[in-house]
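K.L.:
As input, take data.cif (mmCIF, C-alpha atoms and all ligand atoms):
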data_model
#
loop_
_atom_site.label_atom_id
_atom_site.label_comp_id
_atom_site.auth_asym_id
_atom_site.auth_seq_id
_atom_site.Cartn_x
_atom_site.Cartn_y
_atom_site.Cartn_z
CA MET I 1 -138.58 -160.14 -40.75
CA LYS I 2 -136.50 -161.58 -37.96
CA ILE I 3 -138.73 -163.74 -35.78
CA ARG I 4 -137.84 -163.57 -32.10
CA ALA I 5 -140.99 -165.04 -30.56
CA VAL I 6 -144.44 -166.26 -31.51
CA GLU I 7 -147.43 -165.86 -29.23
CA LEU I 8 -150.60 -167.91 -29.63
CA ARG I 9 -153.82 -166.57 -28.13
CA THR I 10 -156.77 -168.92 -27.92
CA ILE I 11 -159.88 -166.79 -27.67
CA GLU I 12 -163.61 -167.16 -27.10
CA ILE I 13 -165.99 -164.36 -28.02
CA PRO I 14 -169.73 -164.34 -27.44
CA ARG I 15 -171.67 -163.84 -30.67
CA VAL I 16 -174.45 -161.27 -30.83
CA SER I 17 -176.73 -164.10 -31.98
CA ALA I 18 -176.38 -167.84 -32.51
CA PHE I 19 -175.11 -168.79 -35.97
CA ARG I 20 -176.81 -171.88 -37.39
CA THR I 21 -175.74 -173.76 -40.53
CA SER I 22 -176.25 -177.30 -41.78
CA LEU I 23 -173.12 -178.15 -39.75
CA GLY I 24 -174.43 -176.98 -36.37
CA THR I 25 -175.13 -173.97 -34.14
CA GLN I 26 -172.56 -171.68 -32.52
CA SER I 27 -173.28 -169.06 -29.89
CA LEU I 28 -169.64 -168.68 -28.90
CA HIS I 29 -166.87 -167.99 -31.41
CA ALA I 30 -163.75 -170.09 -30.77
CA GLY I 31 -160.70 -168.49 -32.35
CA LEU I 32 -156.94 -168.28 -32.41
CA LEU I 33 -154.73 -165.26 -32.98
CA VAL I 34 -151.02 -165.35 -33.71
CA ARG I 35 -148.57 -162.58 -32.87
CA VAL I 36 -145.11 -162.72 -34.42
CA GLU I 37 -142.56 -160.59 -32.65
CA GLY I 38 -139.74 -159.24 -34.77
CA GLN I 39 -136.85 -156.93 -34.07
CA ASP I 40 -138.50 -153.74 -35.28
CA SER I 41 -142.12 -154.76 -35.61
CA GLU I 42 -144.79 -157.24 -34.66
CA GLY I 43 -147.39 -158.84 -36.87
CA TRP I 44 -150.79 -160.38 -36.30
CA GLY I 45 -152.56 -163.24 -38.03
CA GLU I 46 -155.85 -165.01 -37.41
CA CYS I 47 -156.34 -168.76 -37.62
CA VAL I 48 -159.85 -169.50 -38.89
CA ALA I 49 -160.07 -173.03 -37.51
CA GLU I 50 -163.25 -173.43 -35.50
CA GLY I 51 -163.68 -175.05 -32.11
CA ASP I 52 -164.52 -178.41 -33.62
CA PRO I 53 -163.53 -180.16 -36.85
CA SER I 54 -166.89 -179.84 -38.65
CA TYR I 55 -166.34 -177.28 -41.40
CA SER I 56 -162.77 -178.48 -41.90
CA PRO I 57 -160.55 -181.17 -40.33
CA GLU I 58 -158.70 -178.40 -38.48
CA TYR I 59 -159.85 -177.09 -35.08
CA VAL I 60 -158.45 -174.59 -32.60
CA ARG I 61 -156.71 -176.96 -30.19
CA GLY I 62 -155.30 -178.98 -33.08
CA ALA I 63 -153.99 -175.80 -34.70
CA VAL I 64 -152.31 -174.75 -31.46
CA GLY I 65 -150.71 -178.20 -31.27
CA VAL I 66 -149.37 -178.29 -34.80
CA MET I 67 -148.09 -174.72 -34.54
CA ARG I 68 -146.37 -175.36 -31.22
CA ASP I 69 -144.90 -178.76 -32.11
CA PHE I 70 -143.94 -178.29 -35.76
CA LEU I 71 -144.70 -175.06 -37.60
CA VAL I 72 -143.42 -172.41 -35.21
CA PRO I 73 -140.16 -174.26 -34.36
CA ARG I 74 -139.47 -174.42 -38.11
CA LEU I 75 -139.90 -170.65 -38.47
CA LEU I 76 -137.92 -169.88 -35.31
CA ALA I 77 -135.07 -172.08 -36.55
CA GLU I 78 -134.96 -170.09 -39.77
CA GLY I 79 -134.83 -166.78 -37.90
CA GLU I 80 -135.03 -164.31 -40.77
CA VAL I 81 -138.13 -165.04 -42.88
CA LEU I 82 -139.80 -163.21 -45.75
CA PRO I 83 -143.58 -163.56 -46.16
CA GLN I 84 -143.23 -165.30 -49.52
CA GLU I 85 -140.94 -167.93 -47.95
CA VAL I 86 -143.30 -169.05 -45.20
CA SER I 87 -145.36 -171.53 -47.21
CA SER I 88 -142.34 -173.30 -48.69
CA LEU I 89 -140.63 -173.46 -45.28
CA LEU I 90 -143.73 -175.14 -43.86
CA ALA I 91 -144.40 -177.39 -46.87
CA GLU I 92 -142.55 -180.33 -45.28
CA PHE I 93 -145.57 -180.66 -42.96
CA ARG I 94 -148.68 -181.90 -44.72
CA GLY I 95 -152.06 -180.26 -44.48
CA HIS I 96 -153.04 -177.72 -41.81
CA PRO I 97 -153.64 -174.84 -44.23
CA MET I 98 -155.49 -172.79 -41.58
CA ALA I 99 -152.59 -172.98 -39.13
CA LYS I 100 -150.07 -172.20 -41.87
CA SER I 101 -152.17 -169.33 -43.16
CA ALA I 102 -152.25 -167.64 -39.75
CA LEU I 103 -148.46 -167.77 -39.43
CA GLU I 104 -147.93 -166.45 -42.96
CA ALA I 105 -150.42 -163.67 -42.30
CA ALA I 106 -148.62 -162.61 -39.12
CA VAL I 107 -145.24 -162.55 -40.88
CA LEU I 108 -146.81 -160.62 -43.76
CA ASP I 109 -148.32 -158.05 -41.40
CA GLY I 110 -145.06 -157.57 -39.49
CA GLN I 111 -142.97 -157.32 -42.67
CA LEU I 112 -145.33 -154.88 -44.38
CA ARG I 113 -145.28 -152.67 -41.28
CA GLU I 114 -141.47 -152.59 -41.62
CA TRP I 115 -141.81 -151.81 -45.33
CA ASN I 116 -144.49 -149.21 -44.61
CA LEU I 117 -146.78 -150.83 -47.19
CA SER I 118 -150.47 -151.67 -46.88
CA MET I 119 -151.59 -155.21 -47.53
CA SER I 120 -153.91 -154.06 -50.31
CA ASN I 121 -151.05 -152.32 -52.10
CA TYR I 122 -148.74 -155.29 -51.57
CA LEU I 123 -151.27 -157.76 -52.97
CA GLY I 124 -152.13 -155.58 -55.96
CA GLY I 125 -155.50 -154.29 -54.82
CA THR I 126 -157.30 -151.71 -56.94
CA ARG I 127 -160.36 -150.86 -54.80
CA THR I 128 -160.65 -148.61 -51.75
CA GLU I 129 -163.88 -150.25 -50.61
CA VAL I 130 -165.40 -153.66 -51.20
CA PRO I 131 -169.09 -154.66 -51.47
CA ALA I 132 -170.44 -156.27 -48.31
CA GLY I 133 -172.69 -159.29 -48.32
CA VAL I 134 -174.11 -161.03 -45.30
CA SER I 135 -174.52 -164.69 -44.45
CA VAL I 136 -177.86 -165.52 -42.81
CA SER I 137 -178.38 -168.41 -40.39
CA ILE I 138 -180.97 -171.12 -40.66
CA ALA I 139 -183.87 -169.57 -38.73
CA ASP I 140 -186.54 -170.96 -36.42
CA ASP I 141 -189.25 -170.18 -38.94
CA ILE I 142 -189.91 -168.28 -42.17
CA ASP I 143 -191.21 -165.13 -40.42
CA ALA I 144 -188.05 -164.86 -38.32
CA LEU I 145 -185.94 -165.28 -41.47
CA VAL I 146 -187.80 -162.60 -43.41
CA GLY I 147 -187.45 -160.24 -40.44
CA GLU I 148 -183.73 -160.84 -40.24
CA VAL I 149 -183.21 -160.33 -43.97
CA ALA I 150 -185.20 -157.07 -43.76
CA ASP I 151 -182.81 -155.82 -41.06
CA HIS I 152 -179.75 -156.68 -43.16
CA LEU I 153 -181.18 -154.96 -46.24
CA ASP I 154 -181.99 -151.90 -44.11
CA ALA I 155 -178.36 -151.91 -42.94
CA GLY I 156 -177.34 -151.64 -46.60
CA TYR I 157 -175.95 -155.09 -47.35
CA ARG I 158 -175.57 -155.59 -51.08
CA ARG I 159 -176.20 -159.32 -51.11
CA ILE I 160 -177.96 -161.91 -48.98
CA LYS I 161 -176.66 -165.45 -48.54
CA LEU I 162 -179.08 -167.93 -47.01
CA LYS I 163 -177.75 -171.02 -45.29
CA ILE I 164 -179.74 -174.04 -46.49
CA GLN I 165 -180.10 -177.73 -45.70
CA PRO I 166 -182.64 -180.42 -46.69
CA GLY I 167 -186.01 -179.23 -45.38
CA TRP I 168 -184.85 -175.57 -45.28
CA ASP I 169 -184.15 -174.71 -48.90
CA ILE I 170 -186.93 -174.02 -51.42
CA GLU I 171 -189.35 -172.45 -48.91
CA PRO I 172 -186.96 -169.89 -47.38
CA VAL I 173 -185.67 -168.90 -50.82
CA ARG I 174 -189.20 -168.48 -52.14
CA ALA I 175 -190.24 -166.48 -49.08
CA VAL I 176 -187.27 -164.09 -49.35
CA ARG I 177 -187.88 -163.59 -53.08
CA GLU I 178 -191.57 -162.92 -52.44
CA ALA I 179 -190.89 -160.48 -49.62
CA PHE I 180 -188.08 -158.48 -51.24
CA GLY I 181 -188.41 -158.96 -54.99
CA SER I 182 -186.12 -160.00 -57.79
CA ASP I 183 -183.64 -157.10 -57.51
CA VAL I 184 -182.08 -158.40 -54.30
CA LEU I 185 -178.83 -160.27 -54.96
CA LEU I 186 -179.49 -163.66 -53.37
CA GLN I 187 -177.48 -166.86 -53.05
CA VAL I 188 -177.48 -170.00 -50.89
CA ASP I 189 -174.82 -171.99 -49.03
CA ALA I 190 -175.41 -175.66 -48.21
CA ASN I 191 -172.14 -176.43 -46.39
CA THR I 192 -172.12 -179.93 -47.96
CA ALA I 193 -175.63 -180.87 -46.78
CA TYR I 194 -176.76 -182.54 -50.04
CA GLY I 195 -175.78 -185.70 -51.86
CA ARG I 196 -175.80 -187.32 -55.25
CA GLY I 197 -179.44 -187.89 -56.05
CA ASP I 198 -180.44 -184.38 -54.99
CA GLU I 199 -180.11 -182.95 -58.52
CA ARG I 200 -183.86 -182.72 -59.02
CA LEU I 201 -184.42 -181.01 -55.68
CA LEU I 202 -181.58 -178.52 -56.21
CA SER I 203 -182.74 -177.75 -59.75
CA ARG I 204 -185.96 -176.35 -58.21
CA LEU I 205 -183.80 -173.47 -56.98
CA ASP I 206 -183.38 -172.48 -60.65
CA ASP I 207 -186.75 -170.73 -60.48
CA TYR I 208 -185.43 -168.09 -58.08
CA ASP I 209 -182.61 -166.47 -60.05
CA LEU I 210 -179.91 -167.11 -57.46
CA LEU I 211 -176.34 -165.89 -57.94
CA MET I 212 -175.05 -169.33 -56.95
CA ILE I 213 -175.40 -172.48 -54.87
CA GLU I 214 -172.36 -172.73 -52.60
CA GLN I 215 -170.86 -176.13 -51.72
CA PRO I 216 -173.88 -178.42 -52.04
CA LEU I 217 -171.87 -181.69 -51.86
CA ASP I 218 -168.99 -183.21 -49.92
CA PRO I 219 -165.64 -181.42 -50.07
CA ASP I 220 -163.94 -184.24 -51.99
CA ASP I 221 -166.78 -184.78 -54.48
CA LEU I 222 -165.53 -182.67 -57.38
CA ILE I 223 -167.04 -185.04 -59.95
CA GLY I 224 -170.39 -184.88 -58.14
CA HIS I 225 -170.29 -181.09 -58.39
CA ALA I 226 -169.37 -181.30 -62.08
CA ASP I 227 -172.33 -183.62 -62.73
CA LEU I 228 -174.65 -181.38 -60.71
CA ALA I 229 -173.45 -178.31 -62.61
CA ARG I 230 -174.79 -179.92 -65.80
CA HIS I 231 -178.19 -180.55 -64.18
CA VAL I 232 -178.87 -177.12 -62.72
CA ARG I 233 -178.86 -173.67 -64.29
CA THR I 234 -177.84 -171.90 -61.08
CA PRO I 235 -174.02 -171.51 -60.98
CA ILE I 236 -172.15 -173.82 -58.60
CA CYS I 237 -169.66 -172.19 -56.22
CA LEU I 238 -167.09 -174.17 -54.23
CA ASP I 239 -165.99 -173.32 -50.69
CA GLU I 240 -164.92 -176.32 -48.53
CA SER I 241 -163.54 -178.23 -51.56
CA VAL I 242 -160.90 -175.67 -52.46
CA THR I 243 -157.98 -175.97 -50.05
CA SER I 244 -155.20 -175.05 -52.50
CA ALA I 245 -154.57 -173.47 -55.90
CA ARG I 246 -153.95 -176.96 -57.29
CA ILE I 247 -157.37 -178.18 -56.19
CA ALA I 248 -158.84 -174.99 -57.64
CA ALA I 249 -157.15 -175.86 -60.94
CA THR I 250 -158.56 -179.38 -60.79
CA ALA I 251 -162.06 -178.09 -60.05
CA ILE I 252 -161.85 -175.67 -62.96
CA ARG I 253 -160.58 -178.37 -65.34
CA LEU I 254 -163.44 -180.67 -64.29
CA ALA I 255 -166.00 -177.82 -64.61
CA ALA I 256 -167.02 -178.56 -61.02
CA CYS I 257 -167.75 -174.88 -60.42
CA SER I 258 -168.08 -171.57 -62.22
CA ILE I 259 -167.46 -169.50 -59.07
CA ILE I 260 -164.97 -169.90 -56.20
CA ASN I 261 -165.40 -168.58 -52.66
CA ILE I 262 -161.80 -167.71 -51.72
CA LYS I 263 -161.02 -167.83 -48.01
CA PRO I 264 -157.35 -167.14 -47.28
CA GLY I 265 -157.40 -169.29 -44.14
CA ARG I 266 -158.85 -172.31 -45.91
CA VAL I 267 -156.32 -172.25 -48.77
CA GLY I 268 -153.15 -171.76 -46.70
CA GLY I 269 -152.69 -168.01 -46.87
CA TYR I 270 -153.18 -164.71 -48.64
CA LEU I 271 -150.52 -165.50 -51.24
CA GLU I 272 -152.14 -168.80 -52.22
CA ALA I 273 -155.48 -166.95 -52.22
CA ARG I 274 -154.06 -164.48 -54.73
CA ARG I 275 -152.84 -167.36 -56.92
CA ILE I 276 -156.39 -168.76 -56.95
CA HIS I 277 -157.72 -165.32 -57.87
CA ASP I 278 -155.25 -165.14 -60.78
CA LEU I 279 -155.93 -168.68 -61.96
CA ALA I 280 -159.71 -168.43 -61.70
CA THR I 281 -160.06 -165.08 -63.40
CA ALA I 282 -157.75 -166.18 -66.23
CA ASN I 283 -160.10 -169.13 -66.77
CA GLY I 284 -163.39 -167.26 -66.66
CA VAL I 285 -164.29 -168.43 -63.16
CA ARG I 286 -165.63 -165.68 -60.91
CA VAL I 287 -164.34 -165.17 -57.37
CA TRP I 288 -165.41 -163.49 -54.16
CA CYS I 289 -163.95 -163.40 -50.67
CA GLY I 290 -165.58 -165.63 -48.09
CA GLY I 291 -165.36 -165.32 -44.35
CA MET I 292 -165.15 -167.39 -41.19
CA ALA I 293 -166.70 -164.83 -38.83
CA GLU I 294 -163.23 -163.40 -38.26
CA THR I 295 -162.31 -160.74 -35.73
CA GLY I 296 -160.96 -157.47 -37.11
CA VAL I 297 -157.54 -159.06 -37.65
CA GLY I 298 -158.77 -161.51 -40.27
CA ARG I 299 -161.45 -159.16 -41.58
CA ALA I 300 -158.77 -156.53 -42.37
CA GLY I 301 -156.74 -158.96 -44.46
CA ASN I 302 -159.84 -160.25 -46.20
CA ALA I 303 -160.84 -156.71 -47.18
CA ALA I 304 -157.35 -156.21 -48.63
CA LEU I 305 -157.65 -159.43 -50.63
CA ALA I 306 -161.11 -158.50 -51.88
CA SER I 307 -159.65 -155.24 -53.23
CA LEU I 308 -157.98 -157.23 -56.05
CA PRO I 309 -159.61 -156.57 -59.43
CA GLY I 310 -161.07 -160.05 -59.99
CA PHE I 311 -163.28 -160.01 -56.89
CA ASP I 312 -166.38 -158.92 -58.76
CA LEU I 313 -169.13 -160.41 -56.57
CA PRO I 314 -170.14 -159.16 -53.09
CA ASN I 315 -168.06 -160.74 -50.33
CA ASP I 316 -168.84 -162.30 -46.96
CA ILE I 317 -167.18 -159.29 -45.36
CA SER I 318 -169.75 -157.73 -43.11
CA ALA I 319 -169.59 -155.25 -40.24
CA SER I 320 -167.88 -156.51 -37.07
CA SER I 321 -171.19 -155.87 -35.31
CA ARG I 322 -172.88 -158.58 -37.40
CA TYR I 323 -171.06 -161.05 -35.10
CA TYR I 324 -169.51 -159.20 -32.16
CA ALA I 325 -170.64 -156.44 -29.82
CA LYS I 326 -166.98 -155.58 -29.22
CA ASP I 327 -164.22 -156.48 -31.69
CA ILE I 328 -160.55 -157.05 -30.95
CA THR I 329 -159.59 -154.24 -33.34
CA GLU I 330 -161.37 -151.04 -34.24
CA PRO I 331 -164.65 -152.34 -35.66
CA PHE I 332 -165.37 -152.62 -39.37
CA THR I 333 -168.55 -150.89 -40.45
CA VAL I 334 -170.74 -151.03 -43.54
CA SER I 335 -171.40 -147.76 -45.26
CA ASP I 336 -173.35 -147.50 -48.50
CA GLY I 337 -173.15 -151.29 -48.69
CA CYS I 338 -169.36 -151.39 -48.57
CA VAL I 339 -166.51 -152.00 -46.15
CA SER I 340 -163.46 -149.72 -46.43
CA VAL I 341 -160.14 -151.34 -47.27
CA PRO I 342 -157.54 -150.41 -44.63
CA THR I 343 -154.80 -148.13 -45.95
CA ARG I 344 -152.28 -148.12 -43.09
CA PRO I 345 -149.20 -150.42 -43.23
CA GLY I 346 -149.69 -154.17 -42.89
CA ILE I 347 -153.23 -155.30 -42.16
CA GLY I 348 -153.86 -151.69 -41.20
CA VAL I 349 -155.70 -152.22 -37.90
CA ASP I 350 -154.41 -152.47 -34.34
CA VAL I 351 -155.21 -155.08 -31.72
CA ARG I 352 -156.75 -153.65 -28.54
CA ALA I 353 -154.74 -155.35 -25.79
CA ASP I 354 -157.45 -154.99 -23.16
CA VAL I 355 -160.17 -156.53 -25.33
CA LEU I 356 -157.87 -159.34 -26.41
CA ASP I 357 -157.06 -160.11 -22.76
CA GLU I 358 -160.74 -160.20 -21.95
CA TYR I 359 -161.39 -162.86 -24.61
CA THR I 360 -158.20 -164.90 -24.07
CA VAL I 361 -158.70 -168.39 -22.67
CA ALA I 362 -155.15 -169.72 -23.25
CA ARG I 363 -151.81 -168.17 -24.13
CA ASP I 364 -148.62 -169.83 -25.38
CA VAL I 365 -145.35 -167.99 -26.01
CA LEU I 366 -142.77 -169.81 -28.13
CA THR I 367 -139.14 -168.74 -28.43
CA PRO I 368 -136.10 -170.30 -30.13
O1 LIG I 401 -169.51 -171.68 -45.21
O2 LIG I 401 -169.08 -169.70 -45.73
C1 LIG I 401 -169.22 -170.55 -44.87
C2 LIG I 401 -168.91 -168.95 -41.41
C3 LIG I 401 -168.15 -169.92 -40.75
C4 LIG I 401 -167.80 -171.06 -41.42
C5 LIG I 401 -168.20 -171.25 -42.75
C6 LIG I 401 -168.94 -170.30 -43.40
C7 LIG I 401 -169.33 -169.15 -42.71
C8 LIG I 401 -170.20 -168.14 -43.29
C9 LIG I 401 -170.13 -166.73 -42.73
O3 LIG I 401 -171.01 -168.36 -44.16
C10 LIG I 401 -169.10 -165.92 -43.38
C11 LIG I 401 -168.79 -164.65 -42.63
O4 LIG I 401 -169.66 -163.80 -42.49
O5 LIG I 401 -167.65 -164.49 -42.14
MG MG I 402 -169.55 -171.57 -47.34
#
Translate this structure into C-alpha cells?
Ligand code: OSB
Ligand code: MG
P.N.:
Amino acid sequence: MKIRAVELRTIEIPRVSAFRTSLGTQSLHAGLLVRVEGQDSEGWGECVAEGDPSYSPEYVRGAVGVMRDFLVPRLLAEGEVLPQEVSSLLAEFRGHPMAKSALEAAVLDGQLREWNLSMSNYLGGTRTEVPAGVSVSIADDIDALVGEVADHLDAGYRRIKLKIQPGWDIEPVRAVREAFGSDVLLQVDANTAYGRGDERLLSRLDDYDLLMIEQPLDPDDLIGHADLARHVRTPICLDESVTSARIAATAIRLAACSIINIKPGRVGGYLEARRIHDLATANGVRVWCGGMAETGVGRAGNAALASLPGFDLPNDISASSRYYAKDITEPFTVSDGCVSVPTRPGIGVDVRADVLDEYTVARDVLTP
C-alpha cells in the first residue's frame, strides 16, 4: 500500500481486575496503536510493549520514540510498501521487534483490506474458531485462586494457565488439581522467576500432569532450559526467549523446549510468527498463540494466526471482557470454549473512534 501518514496512539485502559505475575502487578493497561493511512485504505496494528521494560526491553514510550525517529521515516521514504517488505526495510535498525511488528501489522491490515482478503486466509489459516485458554494472576490466597479458576471454567475456557513464582507454585497447582480434577487442561507460566538450582523444586510439578512449564528461566538462558528439560518430565515452553525465528531454531536445536508460545509482537510480526509455526511444527515442537492482554486490534490478528493448522494447543486468546469492560473494537467473546476467527478483510474488526479517543493519552501524526 502507499503510505501517506502514520498515526501513533498511546493509550491507557483500566483493567477489570489487577493482573499480577512474577514481574509485577498492573491495574492499568498501557498500550500503543498504530494507524497507517494509505490512498484507498487504512490499517491498524497494535504494539504489545508494556508501560515499563519488565517483560521485554521494549516499553511504550521507547516504542513511540523508535517509531517516530527511525522506523516510520524509513517506511514513509519508501512510499509504496508491501506487507512482506516491511521487515527487510526495517532490518537496518537492530532490535525493537514489538515496534516493528505493530508497523508490519498495520501495513498488512491496510493491504489486505485493499485486496479484500482476510488475515486468516492470507496467512493460510484452516480453522474458523480457535480454542480459548485463560491466564490467571497470582492471587492473594488459595481460596481466591480456586474461586477465580471456577469462574473461568464456568465461562467455558478450555485451559487454565496459572502464573507462578517461588513461594506460589506447588501449592496453587495442587489446590487447583484437587478442586477441579485431572481432566482440566492446566499449565503454569513463571515469567523467568526461577534460576539454575531450581530443578528439584520444578520437578515437583511433575506430579500434577501439567501441559507445560512456560519460561521458568531467564530469556537468554537457552542452555539452562535445555538442562532443565532433562531434569523434569513436564514439557518446557519458551515465551520471552523467542524473539525471532532464528532464536526459535537455536532453541529447538539445543532441545531447550518442546513447545513454543508464539506471540507475533514479541517476534517482530505475523510473518515471522508464521515462520516459527512452520519451523517448529516441521521439527515436532508444538505451538500455541500467546497474548499480551491486547485490545481487539491485536486479538483479531492473534486469532487469525492461531487458525493455522499447527496451533494445536489452547491459546491465550480470551474474551475481551477478561481484561476490559469496553474494548476498542467490537468485543471478542468465548462461546463453547472458542473465539471466532474474523472473516472480514484485513484483521476483520473496526476501531471505535469514540472509545479510542476516550483511552488516548498521547497522539503523534507522522507524514513524509
Ligand atoms: O507471559 O504470557 C505472558 C500477559 C502480558 C505479558 C506477558 C504474558 C501475559 C499473559 C496473558 O500471560 C496473556 C493474555 O491473556 O493475553
Ligand atoms: Mg508467558
K.L.:
Please, which residues have at least one atom within 12 Å of an atom of ligand MG 402 (chain I), using all atoms listed in the file, listed as a VMD selection string?
P.N.:
chain I and resid 21 to 23 55 to 56 134 to 137 161 to 164 187 to 193 212 to 219 236 to 242 260 to 263 266 288 to 293 315 to 316
K.L.:
Restrict the selected residues to C-alpha atoms and save them as a tab-separated table (two decimals), keeping the file's coordinate frame.
P.N.:
chain	number	residue	atom	x	y	z
I	21	THR	CA	-175.74	-173.76	-40.53
I	22	SER	CA	-176.25	-177.30	-41.78
I	23	LEU	CA	-173.12	-178.15	-39.75
I	55	TYR	CA	-166.34	-177.28	-41.40
I	56	SER	CA	-162.77	-178.48	-41.90
I	134	VAL	CA	-174.11	-161.03	-45.30
I	135	SER	CA	-174.52	-164.69	-44.45
I	136	VAL	CA	-177.86	-165.52	-42.81
I	137	SER	CA	-178.38	-168.41	-40.39
I	161	LYS	CA	-176.66	-165.45	-48.54
I	162	LEU	CA	-179.08	-167.93	-47.01
I	163	LYS	CA	-177.75	-171.02	-45.29
I	164	ILE	CA	-179.74	-174.04	-46.49
I	187	GLN	CA	-177.48	-166.86	-53.05
I	188	VAL	CA	-177.48	-170.00	-50.89
I	189	ASP	CA	-174.82	-171.99	-49.03
I	190	ALA	CA	-175.41	-175.66	-48.21
I	191	ASN	CA	-172.14	-176.43	-46.39
I	192	THR	CA	-172.12	-179.93	-47.96
I	193	ALA	CA	-175.63	-180.87	-46.78
I	212	MET	CA	-175.05	-169.33	-56.95
I	213	ILE	CA	-175.40	-172.48	-54.87
I	214	GLU	CA	-172.36	-172.73	-52.60
I	215	GLN	CA	-170.86	-176.13	-51.72
I	216	PRO	CA	-173.88	-178.42	-52.04
I	217	LEU	CA	-171.87	-181.69	-51.86
I	218	ASP	CA	-168.99	-183.21	-49.92
I	219	PRO	CA	-165.64	-181.42	-50.07
I	236	ILE	CA	-172.15	-173.82	-58.60
I	237	CYS	CA	-169.66	-172.19	-56.22
I	238	LEU	CA	-167.09	-174.17	-54.23
I	239	ASP	CA	-165.99	-173.32	-50.69
I	240	GLU	CA	-164.92	-176.32	-48.53
I	241	SER	CA	-163.54	-178.23	-51.56
I	242	VAL	CA	-160.90	-175.67	-52.46
I	260	ILE	CA	-164.97	-169.90	-56.20
I	261	ASN	CA	-165.40	-168.58	-52.66
I	262	ILE	CA	-161.80	-167.71	-51.72
I	263	LYS	CA	-161.02	-167.83	-48.01
I	266	ARG	CA	-158.85	-172.31	-45.91
I	288	TRP	CA	-165.41	-163.49	-54.16
I	289	CYS	CA	-163.95	-163.40	-50.67
I	290	GLY	CA	-165.58	-165.63	-48.09
I	291	GLY	CA	-165.36	-165.32	-44.35
I	292	MET	CA	-165.15	-167.39	-41.19
I	293	ALA	CA	-166.70	-164.83	-38.83
I	315	ASN	CA	-168.06	-160.74	-50.33
I	316	ASP	CA	-168.84	-162.30	-46.96
K.L.:
Leaving out stretch 90-93 of chain I and any residue of its chain fewer than 2 positions from it, which residues lie within 9 Å of it when counting all atoms listed in the file, given as a VMD selection string?
P.N.:
chain I and resid 70 to 71 74 to 75 85 to 88 95 to 96 100
K.L.:
Taking all atoms listed in the file into account, name the residue in I:Ser118, I:Gln39, I:Ser54, I:Ser307 that is nearest to ligand LIG 401 (chain I).
P.N.:
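Closest residue, counting all atoms listed in the file: I:Ser54.
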K.L.:
Which one is closest to I:Leu145: I:Val48, I:Leu112, I:Ala179, I:Met67? Count only C-alpha atoms.
P.N.:
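So, comparing all the options, the nearest one is I:Ala179.
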K.L.:
Can you pull out the residues contacting I:Arg159? Cut-off 7 Å, using only C-alpha atoms, and skip same-chain residues under 3 positions away; I want them as number ranges by chain.
P.N.:
I: 133-134, 184-186, 314
K.L.:
Contacts of I:Glu42 at 8 Å or less, counting all atoms listed in the file, minus same-chain residues fewer than 5 places along, as a list in words?
P.N.:
Arg35, Val36, Glu37, Ala106, Asp109 and Gly110 of chain I
K.L.:
Counting all atoms listed in the file, which residues sit no farther than 8 Å from the position (-160.5, -159.4, -54.3) in the file's frame? I'd like them as a CSV table (one decimal) with C-alpha atoms, in the frame of the given file.
P.N.:
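This is the output file selection-v7.csv:
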chain,number,residue,atom,x,y,z
I,125,GLY,CA,-155.5,-154.3,-54.8
I,277,HIS,CA,-157.7,-165.3,-57.9
I,287,VAL,CA,-164.3,-165.2,-57.4
I,288,TRP,CA,-165.4,-163.5,-54.2
I,289,CYS,CA,-164.0,-163.4,-50.7
I,303,ALA,CA,-160.8,-156.7,-47.2
I,304,ALA,CA,-157.4,-156.2,-48.6
I,305,LEU,CA,-157.6,-159.4,-50.6
I,306,ALA,CA,-161.1,-158.5,-51.9
I,307,SER,CA,-159.6,-155.2,-53.2
I,308,LEU,CA,-158.0,-157.2,-56.0
I,309,PRO,CA,-159.6,-156.6,-59.4
I,310,GLY,CA,-161.1,-160.0,-60.0
I,311,PHE,CA,-163.3,-160.0,-56.9
I,312,ASP,CA,-166.4,-158.9,-58.8
